[in-house]
Amino acid sequence: MRPVSPVGDVTDQVFGIVVEAVHHRFEGRVPALEDMTFHARPREFLAMVGPSGCGKTTIQNIIAGLLPVQAGRVLIADQPPKAGRVDVAYMFAQDALLPWRRTIDNALFGLEVRYGRTPDMPERALAILSAVGLKGFEKAYPRQLSQGMRQRVALARTFLMPSPVLLMDEPFGALDAHTKLLLEQLLLTLWEADKRTVLFITHDLTEAIVLADRILVCTARPGRIKAEIEVELPRPRRIGELQRNEGFHRLYQRVWRDLEQELSG
């Protein structure tokens, strides 16, 4: 049975992402991307892996409208990128919580900036904070939370946005292994509730496989797509069960073969 979203309905107009022949250079000299081309299908969870410095965050920032499209084409809902558009939410590697705001107010920050505070917002925030295991910490300040708890607040803040497209840049990369597994499972549960379009950057091949419908493997800098690998594992997924699945291990070896060539080359 499909889980119920704790934040209400996301728009039915869930969009894909189109990236075609994108090139990008920093300061006109340093090539970051070269002929980067891929499509994220509507409601697809797309993971991207590749060597450090291959332009994964750069393409994410271009899609978000934080960097210009120097060459090529990027479209979301048939529109070019623009910073601040309401149909795109971005979760960074760092939680970026405001130290003077309590947990519930940090979770609501994105909604308040875009729409102003409305009477129903606190109830929605309480529901998703409970869903990510922060019931009882709604009035805590960031300094009173562990790093894993702070990242749960950031996850709640991201999913409170009704944006049909989510960009996630290594959101669990700095966490310990146990906390990371817990948050990956939380993310799976939240995503199953409304199936938004997600582009998720990670260096962790296991994380990519357990979360994604499809994995993009990038070349070393300048980055382009080397391989697109379908993750044909059943949903809903339980991470502990997947580790015992032979298909999981075959996928890991396949992704690793493609990535290893770039790391060693």
# chains A, B, ... in the order shown; residues from 1 in each chain; ligands from 1

$ residues_around --residues "A:Arg237" --least-positions-apart "6" --cutoff "10 Å" --atoms "only C-alpha atoms" --output "compact mmCIF listing (two decimals) with all heavy atoms, in the first residue's frame"
# COMPACT_ATOMS: atom_id res chain seq x y z
N GLN A 185 16.55 5.34 4.83
CA GLN A 185 15.25 4.68 4.90
C GLN A 185 14.12 5.69 5.07
O GLN A 185 13.04 5.55 4.47
CB GLN A 185 15.23 3.67 6.05
CG GLN A 185 14.03 2.75 6.04
CD GLN A 185 13.98 1.85 4.80
OE1 GLN A 185 14.89 1.06 4.58
NE2 GLN A 185 12.94 1.99 4.00
N LEU A 188 13.46 7.19 1.67
CA LEU A 188 12.68 6.26 0.85
C LEU A 188 11.20 6.32 1.22
O LEU A 188 10.32 6.36 0.35
CB LEU A 188 13.20 4.83 1.03
CG LEU A 188 14.43 4.42 0.23
CD1 LEU A 188 14.90 3.04 0.66
CD2 LEU A 188 14.16 4.45 -1.27
N THR A 189 10.91 6.34 2.52
CA THR A 189 9.52 6.37 2.97
C THR A 189 8.83 7.65 2.54
O THR A 189 7.69 7.63 2.05
CB THR A 189 9.47 6.23 4.50
OG1 THR A 189 10.09 5.00 4.89
CG2 THR A 189 8.03 6.25 5.00
N GLU A 192 8.31 7.63 -1.32
CA GLU A 192 7.26 6.71 -1.74
C GLU A 192 5.88 7.34 -1.57
O GLU A 192 4.93 6.96 -2.27
CB GLU A 192 7.33 5.41 -0.93
CG GLU A 192 8.49 4.50 -1.31
CD GLU A 192 8.26 3.75 -2.61
OE1 GLU A 192 7.13 3.85 -3.15
OE2 GLU A 192 9.20 3.10 -3.09
N VAL A 210 20.27 1.65 -3.43
CA VAL A 210 19.09 1.42 -2.59
C VAL A 210 18.02 2.50 -2.80
O VAL A 210 16.83 2.25 -2.60
CB VAL A 210 19.46 1.32 -1.09
CG1 VAL A 210 20.41 0.17 -0.85
CG2 VAL A 210 20.01 2.61 -0.54
N LEU A 211 18.44 3.70 -3.23
CA LEU A 211 17.48 4.79 -3.37
C LEU A 211 16.90 4.92 -4.78
O LEU A 211 15.73 5.22 -4.94
CB LEU A 211 18.14 6.12 -2.99
CG LEU A 211 18.57 6.32 -1.54
CD1 LEU A 211 19.30 7.65 -1.38
CD2 LEU A 211 17.36 6.26 -0.60

$ residues_around --residues "A:Lys180" --least-positions-apart "5" --cutoff "12 Å" --atoms "only C-alpha atoms" --output "JSON, numbers by chain"
{"A": [147, 148, 149, 151, 152, 170, 171, 172, 173, 174, 175, 185, 186, 187, 204, 206, 207, 239]}

$ write_last_selection --atoms "all heavy atoms" --output "compact mmCIF listing (two decimals), in the first residue's frame"
# COMPACT_ATOMS: atom_id res chain seq x y z
N GLN A 147 24.25 16.05 14.86
CA GLN A 147 24.35 16.30 13.42
C GLN A 147 23.29 15.53 12.64
O GLN A 147 22.69 16.06 11.70
CB GLN A 147 25.74 15.93 12.92
CG GLN A 147 25.99 16.33 11.47
CD GLN A 147 27.41 16.05 11.02
OE1 GLN A 147 28.13 15.30 11.65
NE2 GLN A 147 27.82 16.66 9.92
N GLY A 148 23.05 14.28 13.04
CA GLY A 148 22.02 13.50 12.38
C GLY A 148 20.63 14.10 12.55
O GLY A 148 19.82 14.10 11.62
N MET A 149 20.35 14.63 13.75
CA MET A 149 19.05 15.26 13.99
C MET A 149 18.91 16.54 13.19
O MET A 149 17.84 16.85 12.66
CB MET A 149 18.89 15.52 15.48
CG MET A 149 18.82 14.25 16.33
SD MET A 149 18.93 14.57 18.10
CE MET A 149 17.27 15.13 18.44
N GLN A 151 20.24 17.09 10.32
CA GLN A 151 19.99 16.72 8.93
C GLN A 151 18.56 16.23 8.75
O GLN A 151 17.97 16.38 7.68
CB GLN A 151 21.00 15.66 8.48
CG GLN A 151 21.30 15.66 7.00
CD GLN A 151 21.96 16.95 6.51
OE1 GLN A 151 22.27 17.85 7.29
NE2 GLN A 151 22.17 17.05 5.21
N ARG A 152 17.97 15.66 9.80
CA ARG A 152 16.55 15.30 9.73
C ARG A 152 15.68 16.55 9.60
O ARG A 152 14.68 16.54 8.89
CB ARG A 152 16.14 14.52 10.98
CG ARG A 152 16.70 13.12 11.06
CD ARG A 152 16.31 12.46 12.37
NE ARG A 152 16.98 11.17 12.52
CZ ARG A 152 16.37 10.04 12.83
NH1 ARG A 152 15.06 10.03 13.03
NH2 ARG A 152 17.04 8.92 12.95
N GLU A 170 24.44 15.24 -1.96
CA GLU A 170 25.11 14.50 -0.88
C GLU A 170 24.57 14.87 0.50
O GLU A 170 25.34 15.22 1.39
CB GLU A 170 26.61 14.75 -0.94
CG GLU A 170 27.29 14.17 -2.16
CD GLU A 170 28.80 14.12 -2.01
OE1 GLU A 170 29.29 13.20 -1.33
OE2 GLU A 170 29.46 15.00 -2.56
N PRO A 171 23.26 14.79 0.70
CA PRO A 171 22.70 15.25 1.97
C PRO A 171 23.11 14.43 3.18
O PRO A 171 23.04 14.91 4.31
CB PRO A 171 21.19 15.15 1.73
CG PRO A 171 21.04 14.10 0.69
CD PRO A 171 22.23 14.27 -0.21
N PHE A 172 23.57 13.17 2.98
CA PHE A 172 23.93 12.32 4.11
C PHE A 172 25.42 12.00 4.14
O PHE A 172 25.87 11.14 4.89
CB PHE A 172 23.14 11.01 4.05
CG PHE A 172 21.66 11.20 3.87
CD1 PHE A 172 20.93 10.34 3.06
CD2 PHE A 172 20.98 12.23 4.49
CE1 PHE A 172 19.56 10.50 2.88
CE2 PHE A 172 19.61 12.42 4.31
CZ PHE A 172 18.91 11.55 3.50
N GLY A 173 26.19 12.70 3.32
CA GLY A 173 27.60 12.36 3.15
C GLY A 173 28.45 12.51 4.39
O GLY A 173 29.46 11.81 4.55
N ALA A 174 28.08 13.41 5.30
CA ALA A 174 28.91 13.68 6.48
C ALA A 174 28.48 12.89 7.71
O ALA A 174 29.03 13.09 8.79
CB ALA A 174 28.89 15.18 6.78
N LEU A 175 27.50 12.02 7.56
CA LEU A 175 26.94 11.32 8.72
C LEU A 175 27.65 10.00 8.97
O LEU A 175 28.24 9.40 8.06
CB LEU A 175 25.45 11.06 8.49
CG LEU A 175 24.57 12.29 8.27
CD1 LEU A 175 23.15 11.86 7.97
CD2 LEU A 175 24.63 13.24 9.46
N GLN A 185 16.55 5.34 4.83
CA GLN A 185 15.25 4.68 4.90
C GLN A 185 14.12 5.69 5.07
O GLN A 185 13.04 5.55 4.47
CB GLN A 185 15.23 3.67 6.05
CG GLN A 185 14.03 2.75 6.04
CD GLN A 185 13.98 1.85 4.80
OE1 GLN A 185 14.89 1.06 4.58
NE2 GLN A 185 12.94 1.99 4.00
N LEU A 186 14.37 6.75 5.85
CA LEU A 186 13.38 7.82 6.00
C LEU A 186 13.10 8.49 4.66
O LEU A 186 11.95 8.77 4.32
CB LEU A 186 13.87 8.86 7.02
CG LEU A 186 13.69 8.51 8.49
CD1 LEU A 186 14.43 9.52 9.36
CD2 LEU A 186 12.20 8.50 8.85
N LEU A 187 14.17 8.75 3.91
CA LEU A 187 14.00 9.38 2.60
C LEU A 187 13.18 8.49 1.68
O LEU A 187 12.29 8.96 0.97
CB LEU A 187 15.37 9.67 1.99
CG LEU A 187 15.39 10.18 0.55
CD1 LEU A 187 14.54 11.43 0.39
CD2 LEU A 187 16.83 10.45 0.09
N ASP A 204 28.42 7.45 -2.60
CA ASP A 204 28.20 6.13 -1.99
C ASP A 204 27.41 5.26 -2.97
O ASP A 204 26.23 5.50 -3.21
CB ASP A 204 27.44 6.32 -0.67
CG ASP A 204 27.30 5.03 0.11
OD1 ASP A 204 27.25 3.95 -0.50
OD2 ASP A 204 27.21 5.12 1.35
N THR A 206 26.38 2.15 -2.69
CA THR A 206 25.28 1.45 -2.02
C THR A 206 24.08 2.37 -1.87
O THR A 206 22.93 1.99 -2.13
CB THR A 206 25.73 0.94 -0.64
OG1 THR A 206 26.76 -0.03 -0.81
CG2 THR A 206 24.57 0.31 0.13
N GLU A 207 24.33 3.61 -1.46
CA GLU A 207 23.25 4.58 -1.31
C GLU A 207 22.54 4.81 -2.64
O GLU A 207 21.30 4.86 -2.70
CB GLU A 207 23.83 5.89 -0.79
CG GLU A 207 22.79 6.97 -0.52
CD GLU A 207 23.41 8.17 0.17
OE1 GLU A 207 24.26 8.86 -0.45
OE2 GLU A 207 23.08 8.43 1.34
N ILE A 239 16.23 -1.32 3.27
CA ILE A 239 17.66 -1.36 3.01
C ILE A 239 18.30 -2.66 3.51
O ILE A 239 19.12 -3.28 2.81
CB ILE A 239 18.34 -0.13 3.64
CG1 ILE A 239 17.86 1.13 2.90
CG2 ILE A 239 19.85 -0.24 3.56
CD1 ILE A 239 18.36 2.43 3.48

$ closest_residue --among "A:Gly84, A:Pro236, A:Pro142, A:Gly72" --to "A:Asp105" --atoms "only C-alpha atoms"
A:Pro142

$ atom_distance --atom1 "atom CA of A:Leu75" --atom2 "atom CA of A:Glu44"
15.7 Å

$ closest_atom_pairs --of "stretch 55-108 of chain A" --to "stretch 153-166 of chain A" --cutoff "7 Å" --atoms "only C-alpha atoms" --output "Markdown table"
| residue | atom | partner | partner_atom | distance |
| --- | --- | --- | --- | --- |
| A:Val86 | CA | A:Ser163 | CA | 6.1 |
| A:Asp87 | CA | A:Ser163 | CA | 4.2 |
| A:Val88 | CA | A:Val165 | CA | 4.8 |
| A:Ala89 | CA | A:Leu166 | CA | 4.9 |
| A:Tyr90 | CA | A:Leu166 | CA | 5.9 |
| A:Met91 | CA | A:Thr158 | CA | 6.3 |
| A:Asp95 | CA | A:Ala154 | CA | 5.4 |
| A:Thr103 | CA | A:Val153 | CA | 6.7 |
| A:Ala107 | CA | A:Arg157 | CA | 4.2 |
| A:Leu108 | CA | A:Arg157 | CA | 6.2 |

$ residues_around --residues "stretch 221-234 of chain A" --least-positions-apart "6" --cutoff "8 Å" --atoms "only C-alpha atoms" --output "number ranges by chain"
A: 31-38, 53-56, 209, 212-215, 247-248, 251, 255, 258

$ write_last_selection --atoms "N, CA and C atoms" --output "mmCIF file, in the first residue's frame"
data_model
loop_
_atom_site.group_PDB
_atom_site.id
_atom_site.type_symbol
_atom_site.label_atom_id
_atom_site.label_comp_id
_atom_site.auth_asym_id
_atom_site.auth_seq_id
_atom_site.Cartn_x
_atom_site.Cartn_y
_atom_site.Cartn_z
ATOM 1 N N PRO A 31 37.483 23.641 -17.484
ATOM 2 C CA PRO A 31 36.295 22.907 -17.951
ATOM 3 C C PRO A 31 35.718 22.039 -16.840
ATOM 4 N N ALA A 32 34.443 22.253 -16.515
ATOM 5 C CA ALA A 32 33.761 21.443 -15.501
ATOM 6 C C ALA A 32 32.844 20.412 -16.134
ATOM 7 N N LEU A 33 32.128 20.814 -17.185
ATOM 8 C CA LEU A 33 31.188 19.928 -17.876
ATOM 9 C C LEU A 33 31.444 19.990 -19.366
ATOM 10 N N GLU A 34 31.291 18.844 -20.030
ATOM 11 C CA GLU A 34 31.478 18.779 -21.470
ATOM 12 C C GLU A 34 30.412 17.859 -22.060
ATOM 13 N N ASP A 35 29.497 18.432 -22.824
ATOM 14 C CA ASP A 35 28.429 17.655 -23.472
ATOM 15 C C ASP A 35 27.655 16.806 -22.459
ATOM 16 N N MET A 36 27.340 17.387 -21.311
ATOM 17 C CA MET A 36 26.537 16.696 -20.296
ATOM 18 C C MET A 36 25.103 16.580 -20.794
ATOM 19 N N THR A 37 24.625 15.338 -20.927
ATOM 20 C CA THR A 37 23.287 15.083 -21.457
ATOM 21 C C THR A 37 22.612 13.967 -20.669
ATOM 22 N N PHE A 38 21.424 14.235 -20.143
ATOM 23 C CA PHE A 38 20.592 13.207 -19.521
ATOM 24 C C PHE A 38 19.186 13.755 -19.338
ATOM 25 N N GLY A 53 35.083 16.315 -8.236
ATOM 26 C CA GLY A 53 35.477 17.336 -9.188
ATOM 27 C C GLY A 53 34.985 17.132 -10.598
ATOM 28 N N CYS A 54 34.055 16.185 -10.802
ATOM 29 C CA CYS A 54 33.605 15.906 -12.170
ATOM 30 C C CYS A 54 32.408 16.752 -12.583
ATOM 31 N N GLY A 55 31.953 17.658 -11.724
ATOM 32 C CA GLY A 55 30.886 18.575 -12.114
ATOM 33 C C GLY A 55 29.498 18.195 -11.661
ATOM 34 N N LYS A 56 29.388 17.246 -10.729
ATOM 35 C CA LYS A 56 28.053 16.826 -10.273
ATOM 36 C C LYS A 56 27.304 17.992 -9.613
ATOM 37 N N ILE A 209 22.228 2.775 -5.156
ATOM 38 C CA ILE A 209 21.451 1.607 -5.565
ATOM 39 C C ILE A 209 20.182 1.458 -4.737
ATOM 40 N N ALA A 212 17.704 4.686 -5.797
ATOM 41 C CA ALA A 212 17.381 5.187 -7.129
ATOM 42 C C ALA A 212 16.617 4.205 -8.005
ATOM 43 N N ASP A 213 15.929 4.777 -8.995
ATOM 44 C CA ASP A 213 15.373 4.012 -10.111
ATOM 45 C C ASP A 213 16.420 3.820 -11.203
ATOM 46 N N ARG A 214 17.337 4.787 -11.300
ATOM 47 C CA ARG A 214 18.357 4.758 -12.336
ATOM 48 C C ARG A 214 19.576 5.509 -11.827
ATOM 49 N N ILE A 215 20.768 5.061 -12.234
ATOM 50 C CA ILE A 215 22.019 5.666 -11.793
ATOM 51 C C ILE A 215 22.771 6.196 -12.999
ATOM 52 N N GLY A 247 20.646 -9.408 -6.865
ATOM 53 C CA GLY A 247 20.593 -8.355 -7.870
ATOM 54 C C GLY A 247 21.281 -7.085 -7.399
ATOM 55 N N PHE A 248 21.180 -6.798 -6.101
ATOM 56 C CA PHE A 248 21.856 -5.635 -5.537
ATOM 57 C C PHE A 248 23.363 -5.742 -5.748
ATOM 58 N N LEU A 251 24.410 -5.232 -9.364
ATOM 59 C CA LEU A 251 24.373 -3.819 -9.715
ATOM 60 C C LEU A 251 25.580 -3.079 -9.150
ATOM 61 N N VAL A 255 28.167 -0.899 -11.449
ATOM 62 C CA VAL A 255 28.435 0.528 -11.259
ATOM 63 C C VAL A 255 29.909 0.744 -10.930
ATOM 64 N N ASP A 258 32.289 0.688 -13.983
ATOM 65 C CA ASP A 258 32.282 1.930 -14.753
ATOM 66 C C ASP A 258 33.008 3.046 -14.011
#

$ atom_distance --atom1 "atom CA of A:Ile63" --atom2 "atom CA of A:Phe92"
13.7 Å

$ atom_distance --atom1 "atom CA of A:His23" --atom2 "atom CA of A:His203"
22.2 Å

$ select_by_dssp --residues "stretch 118-204 of chain A" --states "strand (DSSP E)" --output "PyMOL selection string"
chain A and resi 165-169+197-201

$ residues_around --residues "A:Gln144" --least-positions-apart "3" --cutoff "12 Å" --atoms "only C-alpha atoms" --output "VMD selection string"
chain A and resid 99 to 103 137 to 141 147 to 150

$ select_by_dssp --residues "stretch 100-176 of chain A" --states "alpha helix (DSSP H)" --output "ChimeraX atom specification"
/A:103-107,109-115,121-131,147-160

$ closest_residue --among "A:Val19, A:Ile104, A:His249, A:Leu97" --to "A:Gly136" --atoms "only C-alpha atoms"
A:Ile104
